[in-house]
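Novice: Dumping the structure here so I can ask a few things about it.
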Amino acid sequence: MKKRTDLKGLTEVELKDKLQEERTSLTKLRFAHTVSPIESPVQLRTKRKEVARILTELRMRELANKTTK
């Protein structure tokens with residue numbers, strides 16, 4: 001699991017790539033859970049939180065860029 005400090009070191013392009021990977025992974029997990037219950041449902045929560053962390057970091061950078069311009 002990535003912490004906010006880990007995400008700060010990534011560029012915007014890397015964050016967007018990571019976001020796409022995490023969303024794809026979350027979709028696959030949801031599908032797998034629907035077909036047959038996965039061993040650890042906590043994985044779904046963890047993936048959702050990871051997506052939220054990335055989106056939060058992207059939004060913070062967007063707001064920071066607006067205030068500096």
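Every chain in the structure tokens takes a letter, A first, then B, and so on in the order presented; its residues are numbered from 1, and the ligands are numbered from 1 following the presented order.
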Within 12 Å of Gln43 of chain A, counting only C-alpha atoms, which residues qualify if same-chain residues fewer than 2 places away don't, as a list in words?
Specialist: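 Residues meeting the cut-off are Met1, Glu22, Ser25, Leu26, Thr27, Lys28, Leu29, Arg30, Ala32, His33, Pro37, Ile38, Glu39, Ser40, Pro41, Arg45, Thr46, Lys47, Arg48, Lys49 and Glu50 of chain A.
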Novice: What does the distance from atom CA of Ala64 of chain A to atom CA of Lys18 of chain A come to in Å, to one decimal?
Specialist: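 Separation of atom CA of Ala64 of chain A and atom CA of Lys18 of chain A: 20.6 Å.
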Novice: Could you check how far atom CA of Asp6 of chain A sits from atom CA of Val42 of chain A, in Å to one decimal?
Specialist: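 Those two atoms sit 21.6 Å apart.
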Novice: Would you work out the distance separating atom CA of Thr68 of chain A from atom CA of Gln20 of chain A, expressed in Å to one decimal?
Specialist: 27.6 Å
